$ cat my_file31.csv   # CSV, C-alpha atoms
chain,number,residue,atom,x,y,z
A,171,MET,CA,19.6,-14.1,57.4
A,172,THR,CA,19.4,-17.8,56.5
A,173,ILE,CA,18.7,-19.2,53.1
A,174,SER,CA,17.3,-22.8,53.3
A,175,ALA,CA,16.3,-25.5,50.9
A,176,ARG,CA,12.8,-27.0,51.2
A,177,SER,CA,10.6,-29.3,49.2
A,178,LEU,CA,7.5,-27.6,47.9
A,179,PRO,CA,4.5,-29.0,46.1
A,180,ARG,CA,4.8,-29.1,42.3
A,181,VAL,CA,8.4,-27.9,42.2
A,182,GLY,CA,10.4,-30.1,44.5
A,183,THR,CA,13.4,-28.9,46.5
A,184,VAL,CA,14.1,-25.1,46.1
A,185,LEU,CA,15.5,-22.2,48.0
A,186,VAL,CA,13.4,-20.4,50.6
A,187,THR,CA,13.7,-17.5,52.9
A,188,SER,CA,14.0,-17.7,56.7
A,189,GLN,CA,10.2,-17.5,56.7
A,190,GLY,CA,9.8,-20.4,54.3
A,191,LEU,CA,8.8,-18.2,51.3
A,192,ALA,CA,10.0,-19.5,47.9
A,193,LEU,CA,12.8,-17.5,46.2
A,194,TYR,CA,12.7,-16.7,42.5
A,195,VAL,CA,15.1,-15.6,39.8
A,196,PHE,CA,14.2,-13.3,36.9
A,197,ALA,CA,15.5,-14.6,33.5
A,198,PRO,CA,16.4,-11.1,32.2
A,199,ASP,CA,18.9,-10.7,35.1
A,200,HIS,CA,21.0,-13.2,33.1
A,201,HIS,CA,22.8,-14.5,36.1
A,202,ARG,CA,24.2,-11.1,37.0
A,203,ALA,CA,22.5,-7.8,37.9
A,204,ILE,CA,19.0,-6.9,39.2
A,205,THR,CA,16.9,-5.6,36.2
A,206,CYS,CA,13.5,-5.7,37.9
A,207,LYS,CA,12.6,-2.0,38.4
A,208,GLY,CA,9.6,0.2,39.0
A,209,THR,CA,6.3,-1.6,39.5
A,210,CYS,CA,8.1,-4.9,39.0
A,211,LEU,CA,9.6,-4.4,42.5
A,212,GLY,CA,6.1,-4.1,43.9
A,213,THR,CA,5.2,-7.6,42.7
A,214,TRP,CA,8.6,-9.2,43.2
A,215,PRO,CA,10.3,-7.7,46.2
A,216,PRO,CA,14.0,-8.4,46.1
A,217,LEU,CA,15.5,-10.2,49.1
A,218,MET,CA,17.5,-7.4,50.7
A,219,LEU,CA,20.4,-8.0,53.0
A,220,PRO,CA,19.8,-6.0,56.2
A,221,SER,CA,22.5,-3.4,56.8
A,222,GLY,CA,25.3,-5.2,58.7
A,223,GLY,CA,23.5,-8.5,58.3
A,224,ARG,CA,25.2,-11.8,57.5
A,225,LEU,CA,24.2,-14.6,55.2
A,226,ALA,CA,23.9,-18.1,56.5
A,227,ALA,CA,23.3,-21.3,54.5
A,228,GLY,CA,20.7,-23.7,55.9
A,229,ALA,CA,20.7,-27.4,55.3
A,230,GLY,CA,21.2,-28.3,51.7
A,231,VAL,CA,22.4,-24.9,50.6
A,232,ASP,CA,25.9,-24.3,49.3
A,233,ARG,CA,27.4,-21.4,51.3
A,234,ARG,CA,29.9,-20.7,48.4
A,235,LEU,CA,27.0,-19.8,46.1
A,236,LEU,CA,25.6,-17.2,48.4
A,237,GLY,CA,26.4,-13.6,47.9
A,238,SER,CA,25.0,-10.1,47.6
A,239,ASP,CA,24.9,-7.5,44.9
A,240,ARG,CA,24.4,-3.7,44.9
A,241,ASP,CA,20.8,-2.7,44.3
A,242,PRO,CA,20.6,0.4,42.1
A,243,ALA,CA,17.7,1.5,44.3
A,244,GLY,CA,19.9,1.2,47.4
A,245,GLY,CA,21.1,-1.5,49.7
A,246,ARG,CA,22.3,-5.0,48.7
A,247,VAL,CA,20.3,-7.8,47.2
A,248,VAL,CA,21.0,-11.4,48.2
A,249,THR,CA,22.3,-13.5,45.3
A,250,TYR,CA,22.7,-17.2,44.7
A,251,ALA,CA,25.1,-18.5,42.0
A,252,GLY,CA,25.1,-14.9,40.8
A,253,TRP,CA,21.3,-14.7,40.5
A,254,PRO,CA,19.6,-11.9,42.4
A,255,LEU,CA,16.8,-13.4,44.5
A,256,TYR,CA,13.2,-12.2,44.8
A,257,THR,CA,10.1,-13.2,46.7
A,258,TYR,CA,6.6,-13.1,45.1
A,259,THR,CA,3.6,-11.2,46.5
A,260,GLY,CA,1.3,-14.0,45.2
A,261,ASP,CA,2.9,-16.4,47.8
A,262,VAL,CA,0.8,-15.4,50.8
A,263,GLN,CA,2.1,-18.2,53.0
A,264,PRO,CA,5.2,-20.3,53.3
A,265,GLY,CA,5.4,-23.4,51.2
A,266,GLN,CA,3.8,-21.9,48.0
A,267,ALA,CA,5.5,-21.3,44.7
A,268,THR,CA,2.7,-19.7,42.7
A,269,GLY,CA,5.0,-17.6,40.7
A,270,GLN,CA,6.9,-20.5,39.1
A,271,ASN,CA,7.2,-20.2,35.3
A,272,ILE,CA,5.1,-17.0,35.2
A,273,ASN,CA,5.9,-14.5,32.4
A,274,LEU,CA,5.5,-11.1,33.9
A,275,ASN,CA,7.2,-7.7,34.0
A,276,GLY,CA,9.3,-8.4,30.9
A,277,GLY,CA,10.5,-12.0,31.5
A,278,LYS,CA,10.1,-15.4,33.1
A,279,TRP,CA,10.3,-16.1,36.8
A,280,TYR,CA,11.6,-19.4,38.2
A,281,VAL,CA,12.3,-20.9,41.5
A,282,ILE,CA,15.9,-22.0,42.0
A,283,ARG,CA,17.4,-25.3,43.0
A,284,PRO,CA,20.1,-25.6,45.7
A,285,SER,CA,22.5,-26.4,42.8
A,286,GLY,CA,22.1,-22.9,41.6
A,287,ARG,CA,20.0,-23.8,38.5
A,288,PRO,CA,16.7,-22.2,38.0
A,289,LEU,CA,13.8,-24.7,37.5
A,290,ILE,CA,13.1,-24.1,33.8
A,291,PRO,CA,10.4,-26.5,32.5
A,292,GLY,CA,11.1,-28.5,29.3
A,293,PRO,CA,9.5,-27.6,26.0
B,920,MET,CA,13.8,9.3,46.9
B,921,LEU,CA,10.0,9.3,46.7
B,922,LEU,CA,8.6,11.5,49.4
B,923,SER,CA,10.7,14.5,49.1
B,924,GLY,CA,8.1,16.8,50.5
B,925,GLY,CA,8.2,19.0,47.4
B,926,GLY,CA,4.4,18.6,47.1
B,927,LEU,CA,3.8,19.9,50.6
B,928,VAL,CA,5.9,23.0,49.9
B,929,ALA,CA,4.2,23.7,46.6
B,930,GLY,CA,0.8,23.2,48.3
B,931,ALA,CA,1.6,25.6,51.1
B,932,ALA,CA,2.8,28.2,48.6
B,933,ALA,CA,-0.3,27.9,46.6
B,934,ALA,CA,-2.5,28.2,49.7
B,935,SER,CA,-0.7,31.4,50.9
B,936,ALA,CA,-1.0,32.9,47.5
B,937,GLY,CA,-4.7,32.1,47.3
B,938,TRP,CA,-5.9,35.6,48.2
B,939,ALA,CA,-4.3,37.0,45.1
B,940,LEU,CA,-5.9,34.5,42.7
B,941,SER,CA,-9.1,36.5,42.3
B,942,THR,CA,-7.3,39.6,41.3
B,943,ARG,CA,-5.2,38.0,38.6
B,944,PRO,CA,-6.1,36.6,35.2
B,945,ALA,CA,-7.0,32.9,35.2
B,946,ALA,CA,-3.9,30.8,34.7
B,947,GLU,CA,-3.7,28.4,31.8
B,948,PRO,CA,-4.7,24.9,32.9
B,949,GLY,CA,-1.6,22.8,33.3
B,950,PRO,CA,-1.2,19.0,33.6
B,951,ALA,CA,-2.6,18.1,37.0
B,952,VAL,CA,-1.3,15.3,39.1
B,953,ILE,CA,-3.9,12.6,39.4
B,954,PRO,CA,-4.3,11.4,43.0
B,955,PRO,CA,-3.0,7.8,43.2
B,956,ASP,CA,-6.4,6.2,44.1
B,957,ASP,CA,-8.1,8.1,41.2
B,958,ASP,CA,-5.3,6.9,38.9
B,959,LEU,CA,-5.8,3.3,40.0
B,960,MET,CA,-9.6,3.6,39.5
B,961,ARG,CA,-9.3,4.9,36.0
B,962,GLU,CA,-7.0,1.9,35.3
B,963,HIS,CA,-9.9,-0.2,36.6
B,964,GLY,CA,-12.0,1.3,33.9
B,965,VAL,CA,-9.7,-0.2,31.3
B,966,LEU,CA,-9.9,-3.5,33.2
B,967,LYS,CA,-13.7,-3.3,33.2
B,968,ARG,CA,-13.8,-2.7,29.4
B,969,VAL,CA,-11.6,-5.8,28.8
B,970,LEU,CA,-13.9,-7.8,31.1
B,971,LEU,CA,-16.8,-6.7,28.9
B,972,CYS,CA,-14.9,-7.8,25.8
B,973,TYR,CA,-14.3,-11.2,27.4
B,974,ARG,CA,-18.0,-11.4,28.2
B,975,GLU,CA,-18.9,-10.8,24.6
B,976,MET,CA,-16.4,-13.4,23.4
B,977,ILE,CA,-17.8,-15.9,25.9
B,978,ALA,CA,-21.4,-15.3,24.7
B,979,ARG,CA,-20.4,-15.9,21.1
B,980,VAL,CA,-18.8,-19.2,22.0
B,981,GLN,CA,-21.7,-20.3,24.1
B,982,ALA,CA,-24.0,-19.4,21.1
B,983,GLY,CA,-22.0,-21.8,19.0
B,984,GLY,CA,-20.1,-19.0,17.2
B,985,PRO,CA,-16.4,-18.7,16.5
B,986,MET,CA,-13.7,-17.1,18.7
B,987,ASP,CA,-11.4,-14.6,17.1
B,988,ALA,CA,-7.9,-15.4,18.2
B,989,GLN,CA,-6.6,-11.9,17.5
B,990,ASP,CA,-9.2,-10.2,19.6
B,991,LEU,CA,-8.6,-12.6,22.4
B,992,HIS,CA,-4.8,-12.1,22.2
B,993,ASP,CA,-5.1,-8.3,22.1
B,994,ALA,CA,-7.5,-8.2,25.1
B,995,ALA,CA,-5.4,-10.6,27.2
B,996,LEU,CA,-2.2,-8.7,26.3
B,997,ILE,CA,-3.7,-5.5,27.7
B,998,ILE,CA,-4.4,-7.4,30.9
B,999,HIS,CA,-0.9,-8.9,31.0
B,1000,ASP,CA,1.0,-5.7,30.2
B,1001,TYR,CA,-1.0,-2.9,31.7
B,1002,ILE,CA,-3.1,-4.5,34.5
B,1003,GLU,CA,-0.9,-7.3,35.8
B,1004,GLY,CA,2.4,-5.9,34.8
B,1005,PHE,CA,1.8,-2.4,36.0
B,1006,HIS,CA,-1.4,-1.6,37.8
B,1007,GLU,CA,-1.2,-4.5,40.2
B,1008,GLY,CA,2.5,-3.7,40.8
B,1009,LEU,CA,1.4,-0.3,42.1
B,1010,GLU,CA,-1.2,-1.9,44.4
B,1011,GLU,CA,1.3,-4.5,45.6
B,1012,GLY,CA,4.1,-2.0,46.1
B,1013,PHE,CA,2.4,1.1,47.4
B,1014,VAL,CA,-1.2,0.4,48.5
B,1015,PHE,CA,-1.4,-3.0,50.2
B,1016,PRO,CA,1.8,-2.7,52.3
B,1017,ARG,CA,0.6,0.6,53.8
B,1018,LEU,CA,-2.8,-1.0,54.7
B,1019,VAL,CA,-1.1,-4.1,56.2
B,1020,LYS,CA,1.3,-1.9,58.2
B,1021,ALA,CA,-1.6,0.0,59.6
B,1022,GLY,CA,-3.4,-3.2,60.5
B,1023,ARG,CA,-6.3,-2.3,58.1
B,1024,LEU,CA,-8.1,-4.9,55.8
B,1025,VAL,CA,-5.3,-7.4,56.2
B,1026,GLY,CA,-7.6,-10.4,55.3
B,1027,THR,CA,-8.9,-8.6,52.3
B,1028,VAL,CA,-5.4,-7.7,51.1
B,1029,THR,CA,-4.4,-11.4,51.4
B,1030,THR,CA,-7.4,-12.4,49.2
B,1031,LEU,CA,-6.6,-9.7,46.7
B,1032,LEU,CA,-3.0,-10.9,46.4
B,1033,VAL,CA,-4.1,-14.5,45.9
B,1034,GLN,CA,-6.5,-13.3,43.2
B,1035,HIS,CA,-3.8,-11.3,41.4
B,1036,ALA,CA,-1.7,-14.5,41.3
B,1037,ARG,CA,-4.6,-16.6,40.0
B,1038,GLY,CA,-5.5,-14.0,37.4
B,1039,ARG,CA,-2.0,-14.1,36.0
B,1040,VAL,CA,-2.1,-17.8,35.6
B,1041,ILE,CA,-5.4,-17.5,33.7
B,1042,THR,CA,-4.1,-14.7,31.5
B,1043,GLN,CA,-1.1,-16.8,30.5
B,1044,PHE,CA,-3.4,-19.7,29.7
B,1045,LEU,CA,-5.4,-17.3,27.5
B,1046,LEU,CA,-2.3,-16.0,25.7
B,1047,ARG,CA,-1.1,-19.5,25.1
B,1048,GLY,CA,-4.4,-20.4,23.6
B,1049,ALA,CA,-5.0,-17.3,21.5
B,1050,THR,CA,-3.8,-18.6,18.2
B,1051,ALA,CA,-5.7,-19.6,15.1
B,1052,LYS,CA,-5.0,-23.2,15.9
B,1053,GLY,CA,-5.8,-22.7,19.6
B,1054,VAL,CA,-9.3,-21.5,19.0
B,1055,ALA,CA,-10.1,-23.8,16.0
B,1056,SER,CA,-11.9,-26.6,17.8
B,1057,PRO,CA,-15.1,-26.1,19.8
B,1058,GLY,CA,-13.6,-27.8,22.7
B,1059,ALA,CA,-10.6,-25.5,22.9
B,1060,ALA,CA,-12.7,-22.4,22.4
B,1061,ALA,CA,-15.0,-23.6,25.2
B,1062,SER,CA,-12.0,-24.1,27.5
B,1063,LEU,CA,-10.8,-20.6,26.8
B,1064,ALA,CA,-14.3,-19.2,27.3
B,1065,ALA,CA,-14.5,-21.0,30.7
B,1066,ALA,CA,-11.2,-19.4,31.7
B,1067,MET,CA,-12.4,-15.9,30.7
B,1068,GLN,CA,-15.6,-16.6,32.6
B,1069,ALA,CA,-13.6,-17.5,35.7
B,1070,PHE,CA,-11.5,-14.3,35.2
B,1071,ASP,CA,-14.5,-12.1,34.9
B,1072,ARG,CA,-16.2,-13.7,37.9
B,1073,MET,CA,-13.2,-13.0,40.0
B,1074,TYR,CA,-12.3,-9.5,38.8
B,1075,GLU,CA,-15.7,-7.9,38.9
B,1076,PRO,CA,-16.0,-8.2,42.7
B,1077,HIS,CA,-12.3,-7.7,43.1
B,1078,GLU,CA,-12.1,-4.3,41.5
B,1079,ALA,CA,-15.4,-3.2,43.0
B,1080,ARG,CA,-14.1,-4.0,46.5
B,1081,GLU,CA,-10.9,-2.1,45.8
B,1082,ASP,CA,-12.8,1.0,44.5
B,1083,THR,CA,-15.2,1.1,47.4
B,1084,VAL,CA,-13.3,-0.2,50.4
B,1085,VAL,CA,-9.5,-0.6,49.8
B,1086,PHE,CA,-8.7,2.7,48.1
B,1087,PRO,CA,-10.8,4.8,50.5
B,1088,ALA,CA,-9.0,3.1,53.4
B,1089,PHE,CA,-5.7,3.8,51.7
B,1090,ARG,CA,-6.6,7.4,51.2
B,1091,GLN,CA,-7.7,7.6,54.9
B,1092,ILE,CA,-4.4,6.4,56.3
B,1093,THR,CA,-2.0,8.3,53.9
B,1094,PRO,CA,-1.1,11.9,54.7
B,1095,ALA,CA,-2.1,14.4,52.0
B,1096,ALA,CA,1.4,15.4,51.1
B,1097,GLU,CA,2.4,11.7,50.6
B,1098,LEU,CA,-0.7,11.2,48.4
B,1099,THR,CA,0.5,14.1,46.2
B,1100,ASP,CA,4.0,12.6,45.9
B,1101,LEU,CA,2.6,9.2,45.2
B,1102,GLY,CA,0.4,10.5,42.4
B,1103,GLN,CA,3.4,12.1,40.8
B,1104,TYR,CA,5.5,8.9,41.3
B,1105,PHE,CA,2.7,6.7,39.7
B,1106,ALA,CA,2.6,9.1,36.7
B,1107,ASP,CA,6.4,8.9,36.4
B,1108,LEU,CA,6.4,5.1,36.5
B,1109,GLU,CA,3.7,4.9,33.9
B,1110,HIS,CA,5.6,7.3,31.7
B,1111,GLN,CA,8.8,5.3,32.0
B,1112,GLN,CA,7.1,2.0,31.3
B,1113,PHE,CA,4.7,3.0,28.5
B,1114,GLY,CA,5.7,6.4,27.2
B,1115,THR,CA,3.7,9.5,26.8
B,1116,ASP,CA,-0.1,9.5,26.8
B,1117,GLU,CA,-0.1,5.9,27.9
B,1118,PHE,CA,-3.6,5.9,29.4
B,1119,ALA,CA,-5.1,7.2,26.2
B,1120,ALA,CA,-3.2,4.6,24.2
B,1121,MET,CA,-4.6,1.8,26.4
B,1122,VAL,CA,-8.1,3.2,26.0
B,1123,ALA,CA,-7.7,3.3,22.2
B,1124,ARG,CA,-6.4,-0.3,22.2
B,1125,VAL,CA,-9.4,-1.6,24.1
B,1126,ALA,CA,-11.8,0.6,22.0
B,1127,SER,CA,-10.4,-1.1,18.9
B,1128,ILE,CA,-11.2,-4.5,20.3
B,1129,GLU,CA,-14.7,-3.4,21.2
B,1130,ARG,CA,-15.2,-2.2,17.6
B,1131,ASN,CA,-14.1,-5.5,16.3
B,1132,LEU,CA,-16.6,-7.2,18.6
B,1133,GLY,CA,-19.4,-4.7,17.8
B,1134,ILE,CA,-19.8,-3.5,21.4
B,1135,TYR,CA,-18.1,-0.1,21.1
B,1136,ASP,CA,-21.3,1.9,20.6
B,1137,LEU,CA,-22.5,2.8,24.1
B,1138,ALA,CA,-26.1,3.4,22.9
B,1139,ARG,CA,-26.2,-0.3,22.1
B,1140,PHE,CA,-26.6,-1.0,25.8
B,1141,THR,CA,-29.5,1.3,26.4
B,1142,PRO,CA,-32.6,-0.8,27.1
B,1143,GLN,CA,-36.1,-0.3,25.8
B,1144,ILE,CA,-38.3,0.6,28.8
B,1145,GLY,CA,-41.8,0.5,27.4
B,1146,GLN,CA,-42.7,-2.4,29.7
B,1147,TYR,CA,-41.4,-0.6,32.8
B,1148,LEU,CA,-43.2,2.7,32.3
B,1149,PRO,CA,-45.6,3.7,35.0
B,1150,PRO,CA,-49.3,3.9,34.0
B,1151,ALA,CA,-50.0,7.1,32.1
$ encode --input "my_file31.csv" --output "structure tokens"
Amino acid sequence: MTISARSLPRVGTVLVTSQGLALYVFAPDHHRAITCKGTCLGTWPPLMLPSGGRLAAGAGVDRRLLGSDRDPAGGRVVTYAGWPLYTYTGDVQPGQATGQNINLNGGKWYVIRPSGRPLIPGP
Amino acid sequence: MLLSGGGLVAGAAAASAGWALSTRPAAEPGPAVIPPDDDLMREHGVLKRVLLCYREMIARVQAGGPMDAQDLHDAALIIHDYIEGFHEGLEEGFVFPRLVKAGRLVGTVTTLLVQHARGRVITQFLLRGATAKGVASPGAAASLAAAMQAFDRMYEPHEAREDTVVFPAFRQITPAAELTDLGQYFADLEHQQFGTDEFAAMVARVASIERNLGIYDLARFTPQIGQYLPPA
């Protein structure tokens, strides 16, 4: 599984999946554990590491920031700079980031820069 | 985790014992598991009532009247918490993926997902604007009314298509035992997220907004029909 960096409209360069789908972090995860549960998982599917799968860093991505964390529901979720990564069901094709700065399921959702910083808009 | 098959076993036991039911006293009615598609449709009823509240607020603004920030906030919050933060998660997690996997209604599902995402953006716009200051100027109120109008226009056909096409297709491709388990799982998730009697609580919340807007009384919507009567 390869995590890449790609420039998307409105948000600039952010992490994407192998399929080009934008990756998001959930503010309540606080840089650590997956807290999106129940119906939240329907809207924001976590990026799961396939059993026996290996993580690879695409161009612009820092391999040292890639990791995985145990998902309480089973399996392992891919992390970046400690943030569990999710996709968004509202992004129906590669190159979209329609979930950026949305407040849903108990907190804010942000795309994440290759530096490991979520894209949090200014006040 | 989810599809333990317990529902199937219970169903078979009930069927095999069916012969004895007529000879025994009627059992006390217990809490029945609502089928998942029925559950989603009654949640659509809450959505529809909020859409009607929006419609009333739009009409008032268009007539030059004021907009009540609290009513708008309360209505948009039901959409945000219950419809977008719960109901749509059920559809996105359990209904749409099954249809896509079965190759059914794939284009429709894509459109519904896009509409969920657009609706969430509109709702957040409404919640940001639902303040005393936010509705004070006619221009701001008109902008909020336009957003509500766009939301209503999208969700009326959206929920109608789901009720008449998407959910029946979902029921058609899902085995009966799995439907039973999903119904229970939906109920468990709703209980975890909102506590007991959550549906009644949501209905009470929307009814309260309707009362504030003067649209709670169902009889208010019954038309006079003198002009439509056939010749005596």
$ residues_around --input "my_file31.csv" --residues "Val231 of chain A" --least-positions-apart "4" --cutoff "7 Å" --atoms "all atoms listed in the file" --output "list in words"
Ser174, Ala175, Ala227 and Pro284 of chain A
$ closest_residue --input "my_file31.csv" --among "A:Gly276, A:Gly222, A:Gly260, A:Gly237" --to "Thr205 of chain A" --atoms "all atoms listed in the file"
A:Gly276
$ closest_atom_pairs --input "my_file31.csv" --of "chain B" --to "chain A" --cutoff "8 Å" --atoms "only C-alpha atoms" --output "JSON lines"
{"residue": "B:His999", "atom": "CA", "partner": "A:Leu274", "partner_atom": "CA", "distance": 7.4}
{"residue": "B:Asp1000", "atom": "CA", "partner": "A:Asn275", "partner_atom": "CA", "distance": 7.5}
{"residue": "B:Glu1003", "atom": "CA", "partner": "A:Leu274", "partner_atom": "CA", "distance": 7.7}
{"residue": "B:Gly1004", "atom": "CA", "partner": "A:Asn275", "partner_atom": "CA", "distance": 5.2}
{"residue": "B:Phe1005", "atom": "CA", "partner": "A:Thr209", "partner_atom": "CA", "distance": 5.8}
{"residue": "B:His1006", "atom": "CA", "partner": "A:Thr209", "partner_atom": "CA", "distance": 7.9}
{"residue": "B:Glu1007", "atom": "CA", "partner": "A:Thr213", "partner_atom": "CA", "distance": 7.5}
{"residue": "B:Gly1008", "atom": "CA", "partner": "A:Thr209", "partner_atom": "CA", "distance": 4.5}
{"residue": "B:Leu1009", "atom": "CA", "partner": "A:Thr209", "partner_atom": "CA", "distance": 5.7}
{"residue": "B:Glu1010", "atom": "CA", "partner": "A:Gly212", "partner_atom": "CA", "distance": 7.6}
{"residue": "B:Glu1011", "atom": "CA", "partner": "A:Gly212", "partner_atom": "CA", "distance": 5.1}
{"residue": "B:Gly1012", "atom": "CA", "partner": "A:Gly212", "partner_atom": "CA", "distance": 3.6}
{"residue": "B:Phe1013", "atom": "CA", "partner": "A:Gly212", "partner_atom": "CA", "distance": 7.3}
{"residue": "B:Thr1029", "atom": "CA", "partner": "A:Val262", "partner_atom": "CA", "distance": 6.6}
{"residue": "B:Leu1032", "atom": "CA", "partner": "A:Gly260", "partner_atom": "CA", "distance": 5.4}
{"residue": "B:Val1033", "atom": "CA", "partner": "A:Gly260", "partner_atom": "CA", "distance": 5.5}
{"residue": "B:His1035", "atom": "CA", "partner": "A:Gly260", "partner_atom": "CA", "distance": 6.9}
{"residue": "B:Ala1036", "atom": "CA", "partner": "A:Gly260", "partner_atom": "CA", "distance": 4.9}
{"residue": "B:Arg1039", "atom": "CA", "partner": "A:Ile272", "partner_atom": "CA", "distance": 7.7}
{"residue": "B:Val1040", "atom": "CA", "partner": "A:Ile272", "partner_atom": "CA", "distance": 7.3}
{"residue": "B:Gln1043", "atom": "CA", "partner": "A:Asn273", "partner_atom": "CA", "distance": 7.6}
{"residue": "B:Leu1108", "atom": "CA", "partner": "A:Gly208", "partner_atom": "CA", "distance": 6.4}
$ residues_around --input "my_file31.csv" --residues "Ile953 of chain B" --least-positions-apart "6" --cutoff "9 Å" --atoms "all atoms listed in the file" --output "ChimeraX atom specification"
/B:1099,1102-1103,1105-1106
$ atom_distance --input "my_file31.csv" --atom1 "atom CA of Pro291 of chain A" --atom2 "atom CA of Pro216 of chain A"
22.9 Å
$ atom_distance --input "my_file31.csv" --atom1 "atom CA of Gly228 of chain A" --atom2 "atom CA of Pro198 of chain A"
27.2 Å
$ residues_around --input "my_file31.csv" --residues "Ile997 of chain B" --least-positions-apart "5" --cutoff "9 Å" --atoms "all atoms listed in the file" --output "list of chain:residue names"
B:Val965, B:Leu966, B:Val969, B:His992, B:Ile1002, B:Glu1003, B:Met1121, B:Arg1124, B:Val1125
$ atom_distance --input "my_file31.csv" --atom1 "atom CA of Leu191 of chain A" --atom2 "atom CA of Ile204 of chain A"
19.4 Å
$ closest_residue --input "my_file31.csv" --among "B:Thr1115, B:Thr1027, B:Ser1056, B:Asn1131" --to "Val1084 of chain B" --atoms "only C-alpha atoms"
B:Thr1027
$ closest_residue --input "my_file31.csv" --among "A:Leu225, A:Leu235, A:Ala203, A:Val195" --to "Val281 of chain A" --atoms "only C-alpha atoms"
A:Val195
$ closest_residue --input "my_file31.csv" --among "A:Ala197, A:Leu185, A:Cys206, A:Ile173" --to "Tyr280 of chain A" --atoms "all atoms listed in the file"
A:Ala197
$ residues_around --input "my_file31.csv" --residues "Leu959 of chain B" --least-positions-apart "3" --cutoff "9 Å" --atoms "all atoms listed in the file" --output "list of chain:residue names"
B:Pro954, B:Pro955, B:Asp956, B:Glu962, B:His963, B:Gly964, B:His1006, B:Leu1009, B:Glu1010, B:Asp1082, B:Phe1086
$ residues_around --input "my_file31.csv" --residues "Gly983 of chain B" --least-positions-apart "5" --cutoff "12 Å" --atoms "all atoms listed in the file" --output "compact mmCIF listing (two decimals) with C-alpha atoms, in the frame of the given file"
# COMPACT_ATOMS: atom_id res chain seq x y z
CA MET B 976 -16.40 -13.40 23.40
CA ILE B 977 -17.80 -15.90 25.90
CA ALA B 978 -21.40 -15.30 24.70
CA SER B 1056 -11.90 -26.60 17.80
CA PRO B 1057 -15.10 -26.10 19.80
CA GLY B 1058 -13.60 -27.80 22.70
CA ALA B 1060 -12.70 -22.40 22.40
CA ALA B 1061 -15.00 -23.60 25.20
CA ALA B 1064 -14.30 -19.20 27.30
